[in-house]
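Here the structure is laid out as structure tokens; the discussion comes afterwards.
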Amino acid sequence: MVLDTTGGVAPAITPETEELLRSRIDALAIERLDQIVAERVAAAMKKDPAKNKVAIIASKGTLDMAYPPLILASAAAAMGEEVEIFFTFYGLEMVKKGGIEHLKVAPVANPAMPVPIPNIIGMLPGMTPMATWMMKSQFFAKHNVVPLDQLLQECIDLGVKLTACQMSMDVMGIKREDLIDEVEIGGAATMLTFANEAHVTLFI
Amino acid sequence: MGTTYQVDKSIDARGQMCPMPVLALAKAFRELASGQIAVISATDPGSKADIPAWAEKTGNTLLEMSEENGVFTYYLKKA
């Protein structure tokens, strides 16, 4: 059968009808698109659960470098994130019993000290404690920066998980009883399993 | 200003530096019920960015923020 498309049987499409058709097609297309996007997002979420996790590695044992992991961890926990700090090598100093209060900042090879100290003077005995005292009393205290022990306690109170690196403990001769009770012991696989689902991972 | 809120919890974080105002806020919100309102005052200029960010991330509502003589005041409602 051959359809005659040239005959006058089809109703003429007025501009109003065309406009109506177009808007209806657009609406249907958008509806379908929304469906497709929702399906794709649901599938992606299965692969990556988009968990609110923050994984931080704390590897430094100095006064200045102990602040960033603890500030970020406590703030993230306050924002409802699940947070883990993995303490490795010198970072273990932060979770030694009574250790965090004794962290120091070294003036040698540190050109960014608020009051620059030439290396040759920074090398003299007593200069590291002096620079630490200066940092704490002249800068931190004046600006009401919270002491590290208090910040660590805030992290604990907010449920930040603290993990000490077993291998670093062995290498540095640190025993379980040398560390604060809140710390758990783990290895690279422990850290990576957690970090695998974390959208924020930091090495400090 | 001008609006008055039925405040259920007041937090004084004046003189505290980052991240303490946000921590104080988070702790206070734990004890609030949905719909309750807290007010926090802070002097840390960083709080101007941090408290709205905290509210956005946690899904709570920042009702109002104002500044007077270097003191920032925020009204927040628990979701």
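Following the order of the structure tokens, first chain is A, next is B, and so on, with residues numbered from 1 inside each chain and ligands from 1 in the order they appear.
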
Closest pair table for chain B residues within 12 Å of chain A, only C-alpha atoms, as a tab-separated table:
```
residue	atom	partner	partner_atom	distance
B:Ala13	CA	A:Asn144	CA	11.3
B:Arg14	CA	A:Asn144	CA	10.2
B:Gly15	CA	A:Asn144	CA	6.6
B:Gln16	CA	A:Asn144	CA	6.1
B:Met17	CA	A:Val145	CA	5.7
B:Cys18	CA	A:Val145	CA	7.7
B:Pro19	CA	A:Ala75	CA	6.1
B:Met20	CA	A:Val146	CA	7.8
B:Pro21	CA	A:Ala75	CA	9.7
B:Val22	CA	A:Ala75	CA	6.8
B:Leu23	CA	A:Ala78	CA	5.6
B:Ala24	CA	A:Ala78	CA	8.6
B:Leu25	CA	A:Ala78	CA	8.1
B:Ala26	CA	A:Ala78	CA	5.2
B:Lys27	CA	A:Ala78	CA	7.5
B:Ala28	CA	A:Ala78	CA	10.5
B:Phe29	CA	A:Ala78	CA	9.8
B:Arg30	CA	A:Ala78	CA	10.0
B:Thr43	CA	A:Asn144	CA	11.0
B:Asp44	CA	A:His143	CA	9.8
B:Asp50	CA	A:Ala75	CA	9.5
B:Ile51	CA	A:Met79	CA	10.1
B:Pro52	CA	A:Met79	CA	11.3
B:Ala53	CA	A:Met79	CA	8.9
B:Trp54	CA	A:Met79	CA	5.9
B:Ala55	CA	A:Met79	CA	8.3
B:Glu56	CA	A:Met79	CA	9.3
B:Lys57	CA	A:Met79	CA	6.4
B:Thr58	CA	A:Met79	CA	5.8
B:Gly59	CA	A:Met79	CA	9.6
B:Asn60	CA	A:Met79	CA	10.5
```

(request) List every residue of segment 74-129 of chain A that DSSP, applied to the backbone of this structure, places in strand (DSSP E or B), and write the result as a ChimeraX atom specification. (result) /A:82-87,96,104

(message) I'd like the contact shell of segment 63-71 of chain B - 9 Å cut-off, only C-alpha atoms, skipping same-chain residues fewer than 4 positions apart - returned as a PyMOL selection string.
(response) chain B and resi 1+3+14+41-45+48+75-77

(message) When you look at Asn52 of chain A with a cut-off of 9 Å (counting only C-alpha atoms), what residues show up, excluding the ones that are within fewer than 4 positions of it in the same chain? I need them as a list in words.
(response) Gly80, Glu81, Glu82, Val83, Glu197, Ala198, His199 and Val200 of chain A

Would you mind exporting the chosen residues as a PDB file, in the first residue's frame, restricted to C-alpha atoms?
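Resulting contents of result-v6.pdb:
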```pdb
ATOM      1  CA  GLY A  80      29.947  15.261  60.393  1.00  0.00           C
ATOM      2  CA  GLU A  81      32.715  13.434  58.547  1.00  0.00           C
ATOM      3  CA  GLU A  82      34.210  10.150  59.613  1.00  0.00           C
ATOM      4  CA  VAL A  83      37.893  10.886  60.184  1.00  0.00           C
ATOM      5  CA  GLU A 197      36.403   5.248  50.533  1.00  0.00           C
ATOM      6  CA  ALA A 198      37.542   8.700  51.607  1.00  0.00           C
ATOM      7  CA  HIS A 199      36.966  11.672  49.371  1.00  0.00           C
ATOM      8  CA  VAL A 200      39.627  13.666  51.184  1.00  0.00           C
TER       9      VAL A 200
END
```

Write out as JSON lines a residue-level contact list of segment 84-126 of chain A versus segment 178-194 of chain A with cut-off 6 Å: for each qualifying residue the closest pair of atoms and the distance in Å to one decimal, counting only C-alpha atoms, rows sorted by chain and residue number upward.
```
{"residue": "A:Val95", "atom": "CA", "partner": "A:Leu179", "partner_atom": "CA", "distance": 5.7}
{"residue": "A:Lys96", "atom": "CA", "partner": "A:Leu179", "partner_atom": "CA", "distance": 4.2}
{"residue": "A:Lys97", "atom": "CA", "partner": "A:Ile180", "partner_atom": "CA", "distance": 5.0}
```

(request) Excluding segment 100-114 of chain A and any residue of its chain fewer than 3 positions from it, enumerate the residues within 6 Å of it, using only C-alpha atoms, and give them as a PyMOL selection string. (result) chain A and resi 62-63+94+119+122+128+132

(request) Select from chain B everything DSSP, run on the backbone, classes as alpha helix (DSSP H), then give the selection as a PyMOL selection string. (result) chain B and resi 20-30+47-58

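The space between atom CA of Glu84 of chain A and atom CA of Ser34 of chain B spans 28.1 Å.
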